[in-house]
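Student: Pasting entry.cif here (mmCIF, N, CA and C atoms and all ligand atoms):
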data_structure
loop_
_atom_site.label_atom_id
_atom_site.label_comp_id
_atom_site.auth_asym_id
_atom_site.auth_seq_id
_atom_site.Cartn_x
_atom_site.Cartn_y
_atom_site.Cartn_z
N MET A 1 150.85 106.04 66.53
CA MET A 1 150.95 107.28 65.73
C MET A 1 149.87 107.28 64.65
N LYS A 2 149.11 108.38 64.57
CA LYS A 2 148.06 108.48 63.54
C LYS A 2 148.70 108.67 62.18
N THR A 3 148.03 108.14 61.14
CA THR A 3 148.56 108.31 59.78
C THR A 3 147.45 108.76 58.82
N VAL A 4 147.88 109.26 57.68
CA VAL A 4 146.95 109.66 56.62
C VAL A 4 147.46 109.02 55.32
N LEU A 5 146.54 108.56 54.47
CA LEU A 5 146.93 107.94 53.20
C LEU A 5 147.27 109.03 52.19
N VAL A 6 148.45 108.92 51.57
CA VAL A 6 148.84 109.90 50.55
C VAL A 6 148.99 109.20 49.21
N ASN A 7 148.31 109.72 48.21
CA ASN A 7 148.44 109.25 46.83
C ASN A 7 148.99 110.39 45.98
N VAL A 8 150.06 110.12 45.23
CA VAL A 8 150.52 111.09 44.24
C VAL A 8 150.23 110.47 42.87
N VAL A 9 149.44 111.18 42.08
CA VAL A 9 148.96 110.64 40.80
C VAL A 9 149.32 111.59 39.66
N THR A 10 149.73 111.02 38.53
CA THR A 10 150.04 111.83 37.34
C THR A 10 149.26 111.27 36.15
N PRO A 11 149.26 111.96 35.01
CA PRO A 11 148.58 111.41 33.83
C PRO A 11 149.17 110.05 33.42
N ASP A 12 150.41 109.77 33.79
CA ASP A 12 151.04 108.48 33.45
C ASP A 12 150.73 107.39 34.47
N GLY A 13 150.05 107.75 35.57
CA GLY A 13 149.71 106.74 36.57
C GLY A 13 150.15 107.14 37.97
N PRO A 14 149.92 106.23 38.95
CA PRO A 14 150.28 106.54 40.34
C PRO A 14 151.80 106.51 40.54
N VAL A 15 152.28 107.41 41.40
CA VAL A 15 153.72 107.52 41.65
C VAL A 15 154.05 107.18 43.11
N TYR A 16 153.11 107.45 43.99
CA TYR A 16 153.36 107.21 45.42
C TYR A 16 152.03 106.89 46.09
N ASP A 17 152.07 105.95 47.04
CA ASP A 17 150.85 105.52 47.71
C ASP A 17 151.26 104.92 49.06
N ALA A 18 151.08 105.66 50.15
CA ALA A 18 151.49 105.14 51.47
C ALA A 18 150.79 105.88 52.59
N GLN A 19 150.74 105.22 53.74
CA GLN A 19 150.25 105.85 54.97
C GLN A 19 151.42 106.61 55.58
N VAL A 20 151.23 107.91 55.85
CA VAL A 20 152.33 108.70 56.41
C VAL A 20 151.86 109.47 57.65
N GLU A 21 152.85 109.91 58.42
CA GLU A 21 152.53 110.66 59.65
C GLU A 21 152.28 112.14 59.34
N MET A 22 152.92 112.62 58.27
CA MET A 22 152.73 114.03 57.88
C MET A 22 153.17 114.20 56.43
N VAL A 23 152.52 115.12 55.75
CA VAL A 23 152.94 115.46 54.38
C VAL A 23 153.05 116.97 54.29
N SER A 24 154.13 117.46 53.65
CA SER A 24 154.17 118.90 53.41
C SER A 24 154.48 119.16 51.95
N VAL A 25 153.86 120.21 51.43
CA VAL A 25 153.95 120.54 50.01
C VAL A 25 154.22 122.04 49.85
N LYS A 26 154.67 122.40 48.63
CA LYS A 26 154.87 123.81 48.33
C LYS A 26 153.63 124.29 47.57
N ALA A 27 152.68 124.86 48.33
CA ALA A 27 151.47 125.40 47.69
C ALA A 27 151.81 126.78 47.14
N GLN A 28 150.96 127.28 46.24
CA GLN A 28 151.21 128.63 45.70
C GLN A 28 151.15 129.69 46.79
N SER A 29 150.40 129.38 47.87
CA SER A 29 150.29 130.34 48.98
C SER A 29 151.40 130.17 50.02
N GLY A 30 152.29 129.17 49.80
CA GLY A 30 153.39 128.94 50.73
C GLY A 30 153.47 127.49 51.16
N GLU A 31 154.42 127.19 52.02
CA GLU A 31 154.62 125.81 52.51
C GLU A 31 153.40 125.38 53.32
N LEU A 32 152.91 124.17 53.05
CA LEU A 32 151.69 123.69 53.71
C LEU A 32 151.96 122.32 54.32
N GLY A 33 151.81 122.22 55.63
CA GLY A 33 152.00 120.94 56.32
C GLY A 33 150.65 120.34 56.67
N VAL A 34 150.46 119.05 56.37
CA VAL A 34 149.17 118.40 56.60
C VAL A 34 149.36 117.19 57.52
N LEU A 35 148.62 117.18 58.61
CA LEU A 35 148.62 116.06 59.56
C LEU A 35 147.32 115.28 59.40
N PRO A 36 147.29 114.03 59.89
CA PRO A 36 146.03 113.27 59.84
C PRO A 36 144.90 114.06 60.50
N GLY A 37 143.70 114.00 59.90
CA GLY A 37 142.55 114.70 60.48
C GLY A 37 142.41 116.14 60.01
N HIS A 38 143.23 116.55 59.05
CA HIS A 38 143.17 117.94 58.56
C HIS A 38 141.80 118.22 57.92
N ILE A 39 141.33 119.44 58.05
CA ILE A 39 140.05 119.81 57.42
C ILE A 39 140.18 119.74 55.89
N PRO A 40 139.07 119.42 55.20
CA PRO A 40 139.13 119.31 53.73
C PRO A 40 139.52 120.64 53.07
N MET A 41 140.37 120.54 52.06
CA MET A 41 140.76 121.73 51.29
C MET A 41 141.39 121.31 49.97
N VAL A 42 141.45 122.26 49.05
CA VAL A 42 142.13 122.05 47.77
C VAL A 42 143.04 123.25 47.56
N ALA A 43 144.27 123.01 47.09
CA ALA A 43 145.19 124.13 46.86
C ALA A 43 146.08 123.83 45.66
N PRO A 44 146.38 124.87 44.84
CA PRO A 44 147.31 124.68 43.73
C PRO A 44 148.75 124.61 44.24
N LEU A 45 149.57 123.82 43.54
CA LEU A 45 150.96 123.61 43.96
C LEU A 45 151.95 124.26 43.00
N GLU A 46 153.10 124.62 43.55
CA GLU A 46 154.24 125.08 42.75
C GLU A 46 155.08 123.86 42.33
N ILE A 47 156.04 124.09 41.46
CA ILE A 47 157.08 123.08 41.24
C ILE A 47 157.84 122.98 42.57
N GLY A 48 157.97 121.79 43.12
CA GLY A 48 158.64 121.68 44.42
C GLY A 48 158.69 120.25 44.91
N ALA A 49 159.21 120.10 46.12
CA ALA A 49 159.33 118.77 46.73
C ALA A 49 158.14 118.53 47.65
N VAL A 50 157.59 117.30 47.58
CA VAL A 50 156.61 116.85 48.57
C VAL A 50 157.42 116.07 49.61
N ARG A 51 157.26 116.45 50.88
CA ARG A 51 157.98 115.76 51.97
C ARG A 51 157.01 114.87 52.71
N LEU A 52 157.38 113.60 52.85
CA LEU A 52 156.49 112.65 53.50
C LEU A 52 157.20 112.05 54.69
N LEU A 53 156.62 112.23 55.87
CA LEU A 53 157.20 111.65 57.08
C LEU A 53 156.58 110.27 57.27
N LYS A 54 157.43 109.24 57.08
CA LYS A 54 156.92 107.87 57.13
C LYS A 54 157.82 107.03 58.03
N ASP A 55 157.23 106.41 59.04
CA ASP A 55 157.97 105.60 60.01
C ASP A 55 159.17 106.39 60.56
N GLY A 56 158.96 107.67 60.79
CA GLY A 56 160.00 108.50 61.42
C GLY A 56 161.06 109.04 60.47
N SER A 57 161.03 108.63 59.17
CA SER A 57 162.03 109.23 58.27
C SER A 57 161.33 109.93 57.10
N THR A 58 162.07 110.84 56.47
CA THR A 58 161.47 111.69 55.42
C THR A 58 161.74 111.13 54.04
N GLU A 59 160.67 111.01 53.25
CA GLU A 59 160.80 110.61 51.84
C GLU A 59 160.43 111.82 50.99
N LEU A 60 161.05 111.94 49.81
CA LEU A 60 160.79 113.09 48.95
C LEU A 60 160.26 112.66 47.60
N VAL A 61 159.31 113.46 47.10
CA VAL A 61 158.79 113.26 45.74
C VAL A 61 158.85 114.63 45.05
N ALA A 62 159.46 114.66 43.85
CA ALA A 62 159.51 115.91 43.08
C ALA A 62 158.20 116.04 42.31
N VAL A 63 157.51 117.18 42.42
CA VAL A 63 156.30 117.39 41.62
C VAL A 63 156.44 118.67 40.80
N SER A 64 155.89 118.60 39.56
CA SER A 64 155.98 119.75 38.66
C SER A 64 154.64 120.47 38.60
N GLY A 65 154.22 121.03 39.72
CA GLY A 65 152.95 121.73 39.79
C GLY A 65 151.78 120.78 39.86
N GLY A 66 150.58 121.30 40.07
CA GLY A 66 149.38 120.48 40.17
C GLY A 66 148.51 120.96 41.31
N PHE A 67 147.81 120.00 41.92
CA PHE A 67 146.89 120.35 43.02
C PHE A 67 147.02 119.35 44.16
N ILE A 68 146.73 119.82 45.37
CA ILE A 68 146.60 118.92 46.51
C ILE A 68 145.15 118.97 46.96
N GLU A 69 144.57 117.78 47.18
CA GLU A 69 143.22 117.70 47.74
C GLU A 69 143.35 117.00 49.09
N VAL A 70 142.94 117.71 50.15
CA VAL A 70 143.08 117.17 51.50
C VAL A 70 141.72 116.75 52.03
N ARG A 71 141.67 115.53 52.56
CA ARG A 71 140.51 115.08 53.35
C ARG A 71 141.07 114.54 54.66
N PRO A 72 140.25 114.41 55.70
CA PRO A 72 140.82 114.04 57.01
C PRO A 72 141.65 112.75 56.99
N ASP A 73 141.25 111.76 56.16
CA ASP A 73 141.95 110.47 56.15
C ASP A 73 142.71 110.21 54.86
N LYS A 74 142.67 111.17 53.90
CA LYS A 74 143.33 110.92 52.61
C LYS A 74 143.77 112.21 51.94
N VAL A 75 145.00 112.19 51.41
CA VAL A 75 145.54 113.34 50.67
C VAL A 75 145.86 112.87 49.26
N THR A 76 145.30 113.56 48.27
CA THR A 76 145.60 113.23 46.88
C THR A 76 146.36 114.39 46.27
N ILE A 77 147.51 114.07 45.65
CA ILE A 77 148.28 115.09 44.94
C ILE A 77 148.22 114.74 43.46
N LEU A 78 147.61 115.65 42.69
CA LEU A 78 147.48 115.46 41.24
C LEU A 78 148.54 116.34 40.60
N ALA A 79 149.50 115.71 39.91
CA ALA A 79 150.61 116.49 39.35
C ALA A 79 150.77 116.20 37.87
N GLN A 80 151.25 117.20 37.13
CA GLN A 80 151.53 117.01 35.70
C GLN A 80 152.64 115.97 35.54
N ALA A 81 153.66 116.05 36.41
CA ALA A 81 154.73 115.05 36.45
C ALA A 81 155.19 114.94 37.89
N ALA A 82 155.59 113.74 38.30
CA ALA A 82 156.08 113.53 39.67
C ALA A 82 157.02 112.33 39.67
N GLU A 83 158.07 112.42 40.46
CA GLU A 83 159.03 111.31 40.57
C GLU A 83 159.50 111.16 42.01
N THR A 84 159.59 109.91 42.47
CA THR A 84 160.22 109.67 43.77
C THR A 84 161.72 109.90 43.61
N ALA A 85 162.42 110.17 44.71
CA ALA A 85 163.86 110.46 44.65
C ALA A 85 164.61 109.34 43.92
N GLU A 86 164.24 108.07 44.19
CA GLU A 86 164.96 106.93 43.61
C GLU A 86 164.74 106.82 42.10
N SER A 87 163.62 107.36 41.59
CA SER A 87 163.33 107.16 40.16
C SER A 87 163.83 108.33 39.31
N ILE A 88 164.47 109.31 39.94
CA ILE A 88 164.96 110.45 39.15
C ILE A 88 166.28 110.10 38.48
N ASP A 89 166.33 110.38 37.18
CA ASP A 89 167.54 110.19 36.39
C ASP A 89 168.35 111.48 36.50
N VAL A 90 169.43 111.43 37.28
CA VAL A 90 170.21 112.64 37.58
C VAL A 90 170.87 113.20 36.31
N THR A 91 171.39 112.31 35.46
CA THR A 91 172.05 112.76 34.22
C THR A 91 171.06 113.51 33.34
N ARG A 92 169.83 112.97 33.26
CA ARG A 92 168.79 113.63 32.45
C ARG A 92 168.44 115.00 33.03
N ALA A 93 168.28 115.08 34.34
CA ALA A 93 167.93 116.36 34.97
C ALA A 93 169.06 117.38 34.79
N GLN A 94 170.29 116.91 34.91
CA GLN A 94 171.45 117.80 34.72
C GLN A 94 171.48 118.33 33.29
N ALA A 95 171.19 117.43 32.32
CA ALA A 95 171.18 117.84 30.90
C ALA A 95 170.05 118.85 30.66
N ALA A 96 168.88 118.60 31.27
CA ALA A 96 167.74 119.52 31.11
C ALA A 96 168.09 120.88 31.70
N LYS A 97 168.80 120.87 32.83
CA LYS A 97 169.19 122.13 33.49
C LYS A 97 170.13 122.92 32.56
N GLU A 98 171.12 122.22 32.00
CA GLU A 98 172.09 122.92 31.13
C GLU A 98 171.42 123.44 29.86
N ARG A 99 170.50 122.64 29.30
CA ARG A 99 169.76 123.09 28.10
C ARG A 99 168.97 124.35 28.39
N ALA A 100 168.29 124.36 29.53
CA ALA A 100 167.47 125.52 29.90
C ALA A 100 168.35 126.74 30.14
N GLU A 101 169.50 126.53 30.78
CA GLU A 101 170.42 127.66 31.03
C GLU A 101 170.94 128.25 29.72
N GLN A 102 171.23 127.37 28.74
CA GLN A 102 171.68 127.85 27.43
C GLN A 102 170.60 128.69 26.77
N ARG A 103 169.34 128.20 26.84
CA ARG A 103 168.24 128.94 26.22
C ARG A 103 168.06 130.31 26.87
N LEU A 104 168.21 130.33 28.18
CA LEU A 104 168.02 131.61 28.89
C LEU A 104 169.11 132.61 28.51
N LYS A 105 170.30 132.10 28.20
CA LYS A 105 171.41 132.99 27.79
C LYS A 105 171.12 133.60 26.42
N GLN A 106 170.37 132.84 25.56
CA GLN A 106 170.13 133.31 24.19
C GLN A 106 169.11 134.44 24.12
N GLN A 107 168.30 134.63 25.17
CA GLN A 107 167.35 135.75 25.24
C GLN A 107 166.50 135.89 23.98
N THR A 108 165.68 134.89 23.68
CA THR A 108 164.77 135.01 22.52
C THR A 108 163.45 135.63 22.97
N ASP A 109 162.30 135.14 22.45
CA ASP A 109 161.05 135.80 22.84
C ASP A 109 160.58 135.36 24.23
N ASP A 110 159.58 136.10 24.74
CA ASP A 110 159.11 135.92 26.11
C ASP A 110 158.59 134.51 26.40
N ILE A 111 157.89 133.93 25.41
CA ILE A 111 157.29 132.61 25.63
C ILE A 111 158.41 131.57 25.82
N ASP A 112 159.44 131.64 24.98
CA ASP A 112 160.55 130.70 25.11
C ASP A 112 161.30 130.91 26.42
N MET A 113 161.41 132.17 26.84
CA MET A 113 162.09 132.48 28.11
C MET A 113 161.32 131.84 29.27
N LYS A 114 160.00 132.01 29.23
CA LYS A 114 159.15 131.46 30.30
C LYS A 114 159.26 129.93 30.32
N ARG A 115 159.23 129.33 29.13
CA ARG A 115 159.35 127.86 29.04
C ARG A 115 160.70 127.40 29.59
N ALA A 116 161.75 128.14 29.24
CA ALA A 116 163.09 127.76 29.71
C ALA A 116 163.19 127.92 31.23
N GLU A 117 162.58 128.98 31.75
CA GLU A 117 162.60 129.18 33.21
C GLU A 117 161.91 128.03 33.94
N LEU A 118 160.75 127.61 33.39
CA LEU A 118 160.02 126.50 34.02
C LEU A 118 160.81 125.19 33.92
N ALA A 119 161.43 124.96 32.74
CA ALA A 119 162.24 123.74 32.56
C ALA A 119 163.41 123.74 33.55
N LEU A 120 164.02 124.93 33.72
CA LEU A 120 165.15 125.05 34.67
C LEU A 120 164.67 124.75 36.09
N HIS A 121 163.52 125.30 36.43
CA HIS A 121 162.95 125.11 37.77
C HIS A 121 162.66 123.61 38.01
N ARG A 122 162.08 122.92 37.02
CA ARG A 122 161.80 121.48 37.16
C ARG A 122 163.09 120.69 37.35
N ALA A 123 164.11 121.05 36.55
CA ALA A 123 165.39 120.31 36.62
C ALA A 123 166.06 120.52 37.98
N ILE A 124 166.07 121.77 38.46
CA ILE A 124 166.70 122.06 39.77
C ILE A 124 165.94 121.35 40.88
N ASN A 125 164.62 121.34 40.78
CA ASN A 125 163.80 120.65 41.78
C ASN A 125 164.15 119.17 41.82
N ARG A 126 164.27 118.54 40.63
CA ARG A 126 164.61 117.10 40.58
C ARG A 126 165.99 116.86 41.18
N LEU A 127 166.94 117.73 40.85
CA LEU A 127 168.29 117.55 41.39
C LEU A 127 168.28 117.71 42.91
N ASN A 128 167.54 118.68 43.41
CA ASN A 128 167.47 118.89 44.87
C ASN A 128 166.87 117.68 45.58
N VAL A 129 165.86 117.08 44.95
CA VAL A 129 165.19 115.92 45.58
C VAL A 129 166.13 114.70 45.66
N THR A 130 167.07 114.60 44.73
CA THR A 130 168.01 113.46 44.78
C THR A 130 169.13 113.66 45.80
N LYS A 131 169.29 114.89 46.30
CA LYS A 131 170.43 115.17 47.21
C LYS A 131 170.17 114.66 48.62
P1 LIG A 201 163.24 116.64 29.99
O1 LIG A 201 163.65 117.83 29.17
O2 LIG A 201 164.41 115.85 30.50
O3 LIG A 201 162.17 115.79 29.32
P2 LIG A 201 161.14 117.96 31.45
O4 LIG A 201 161.17 118.77 32.70
O5 LIG A 201 160.77 118.69 30.20
O6 LIG A 201 162.57 117.24 31.32
P3 LIG A 201 158.61 116.78 31.98
O7 LIG A 201 157.85 117.27 30.76
O8 LIG A 201 158.39 117.49 33.27
O9 LIG A 201 160.18 116.72 31.64
O10 LIG A 201 158.30 115.23 32.21
C1 LIG A 201 158.06 114.31 31.14
C2 LIG A 201 158.10 112.91 31.74
O11 LIG A 201 159.45 112.55 32.02
C3 LIG A 201 157.37 112.77 33.08
O12 LIG A 201 156.80 111.48 33.13
C4 LIG A 201 158.47 112.92 34.11
O13 LIG A 201 158.14 112.21 35.31
C5 LIG A 201 159.65 112.28 33.40
N1 LIG A 201 160.95 112.87 33.76
C6 LIG A 201 161.41 114.08 33.41
N2 LIG A 201 162.67 114.28 33.86
C7 LIG A 201 162.99 113.16 34.55
C8 LIG A 201 164.17 112.74 35.27
N3 LIG A 201 165.25 113.52 35.37
N4 LIG A 201 164.16 111.51 35.84
C9 LIG A 201 163.08 110.71 35.73
N5 LIG A 201 161.94 111.04 35.07
C10 LIG A 201 161.90 112.25 34.48
#
What does this structure look like when you write it as structure tokens?
Tutor:
Amino acid sequence: MKTVLVNVVTPDGPVYDAQVEMVSVKAQSGELGVLPGHIPMVAPLEIGAVRLLKDGSTELVAVSGGFIEVRPDKVTILAQAAETAESIDVTRAQAAKERAEQRLKQQTDDIDMKRAELALHRAINRLNVTK
């Protein structure tokens, strides 16, 4: 089975580094599946799960936006924040979700609403990745 090297990197350091059979991400243009040998490209990412098919099973990494750079033998995902399913603190994500929901109920100014929406989206994404 052909594989491609996937690196997920954040400002805090590398989060994931493995040879996988396939990687799929949530690009701003929609779901994007990448197989070994894919043509070079760069695309912006949404908050979402990166799915990695490795040795026949799927691993998940939560990413909070960023970019994917594809080359035929290597995929680099540059993210503002990223966590593997095992490293997600569920209690923290649940607390962040509840905090964001409270802020959204208070209906203050637009900037705070947008920040709360993004925080809620990140928290829900992390919780989904742990399921
Ligand atoms: P919080 O309000 O809990 O800090 P957040 O969405 O504002 O959540 P970020 O700014 O996206 O947090 O991330 C800050 C750092 O904390 C990053 O390194 C990120 O990987 C890490 N992080 C955030 N939430 C979690 C979590 N639930 N489990 C593990 N690491 C987390």
Student: Atom N of A:Lys131 and atom CA of A:Thr91 are how many Å apart?
Tutor: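 Straight-line distance from atom N of A:Lys131 to atom CA of A:Thr91 works out to 12.6 Å.
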Student: What are the closest atom pairs, with distances in Å to one decimal, for each residue of chain A lying within 5 Å of ligand LIG 201 (chain A), using only N, CA and C atoms and all ligand atoms, rows by chain and rising residue number, as JSON lines?
Tutor:
{"residue": "A:Ala81", "atom": "CA", "partner": "A:LIG201", "partner_atom": "O13", "distance": 4.6}
{"residue": "A:Ala82", "atom": "N", "partner": "A:LIG201", "partner_atom": "O13", "distance": 4.2}
{"residue": "A:Ser87", "atom": "C", "partner": "A:LIG201", "partner_atom": "C9", "distance": 4.4}
{"residue": "A:Ile88", "atom": "CA", "partner": "A:LIG201", "partner_atom": "N4", "distance": 3.6}
{"residue": "A:Asp89", "atom": "N", "partner": "A:LIG201", "partner_atom": "N4", "distance": 2.8}
{"residue": "A:Arg92", "atom": "C", "partner": "A:LIG201", "partner_atom": "N3", "distance": 4.2}
{"residue": "A:Ala93", "atom": "N", "partner": "A:LIG201", "partner_atom": "N3", "distance": 3.6}
{"residue": "A:Ala96", "atom": "CA", "partner": "A:LIG201", "partner_atom": "O1", "distance": 4.8}
Student: Counting only C-alpha atoms, figure out which residue out of A:Ala100, A:Met41, A:Leu120, A:Val6 gets nearest to A:Ser24.
Tutor: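 Checking each of A:Ala100, A:Met41, A:Leu120, A:Val6 against A:Ser24, counting only C-alpha atoms, the winner is A:Val6.
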Student: Under the rule that all atoms listed in the file are counted, which of A:Val4, A:Ala95, A:Asp17, A:Glu46 is the nearest residue to A:Val34?
Tutor: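 Once distances to A:Val34 are computed over all atoms listed in the file, the minimum belongs to A:Val4.
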Student: Tell me which protein, DNA and RNA residues are within 8 Å of A:His38, counting all atoms listed in the file, leaving out same-chain ones fewer than 5 positions away, and put them as a list of chain:residue names.
Tutor: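 Once the adjacent positions are removed, what remains is A:Val70, A:Arg71, A:Pro72, A:Asp73, A:Lys74.
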Student: Generate a file of the selected residues that holds N, CA and C atoms, formatted as an mmCIF file, in the coordinates of the input.
Tutor:
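Output (selection.cif):
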data_model
loop_
_atom_site.group_PDB
_atom_site.id
_atom_site.type_symbol
_atom_site.label_atom_id
_atom_site.label_comp_id
_atom_site.auth_asym_id
_atom_site.auth_seq_id
_atom_site.Cartn_x
_atom_site.Cartn_y
_atom_site.Cartn_z
ATOM 1 N N VAL A 70 142.940 117.710 50.150
ATOM 2 C CA VAL A 70 143.080 117.170 51.500
ATOM 3 C C VAL A 70 141.720 116.750 52.030
ATOM 4 N N ARG A 71 141.670 115.530 52.560
ATOM 5 C CA ARG A 71 140.510 115.080 53.350
ATOM 6 C C ARG A 71 141.070 114.540 54.660
ATOM 7 N N PRO A 72 140.250 114.410 55.700
ATOM 8 C CA PRO A 72 140.820 114.040 57.010
ATOM 9 C C PRO A 72 141.650 112.750 56.990
ATOM 10 N N ASP A 73 141.250 111.760 56.160
ATOM 11 C CA ASP A 73 141.950 110.470 56.150
ATOM 12 C C ASP A 73 142.710 110.210 54.860
ATOM 13 N N LYS A 74 142.670 111.170 53.900
ATOM 14 C CA LYS A 74 143.330 110.920 52.610
ATOM 15 C C LYS A 74 143.770 112.210 51.940
#
Student: For A:Leu45, which residue out of A:Ala119, A:Leu32, A:Ile68, A:Val9 is the nearest one, using only N, CA and C atoms?
Tutor: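 The answer is A:Ile68, which sits nearest to A:Leu45.
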Student: For each of A:Ala123, A:Leu118, A:Leu104, A:Val50, take the minimum atom-to-atom distance to A:Lys26, counting only N, CA and C atoms, then give the residue where this is smallest.
Tutor: A:Val50
Student: With distances taken over only C-alpha atoms, which residue among A:Leu127, A:Met22, A:Ala62, A:Ala85 lies nearest A:Leu5?
Tutor: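 Closest to A:Leu5, using only C-alpha atoms: A:Met22.
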Student: Please compute the atom N of A:Glu59-atom CA of A:Val15 distance, one decimal, in Å.
Tutor: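 It comes out at 14.0 Å.
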Student: So how far away is atom CA of A:Pro36 from atom CA of A:Asp12, in Å?
Tutor: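 Here the two named atoms are 27.3 Å from each other.
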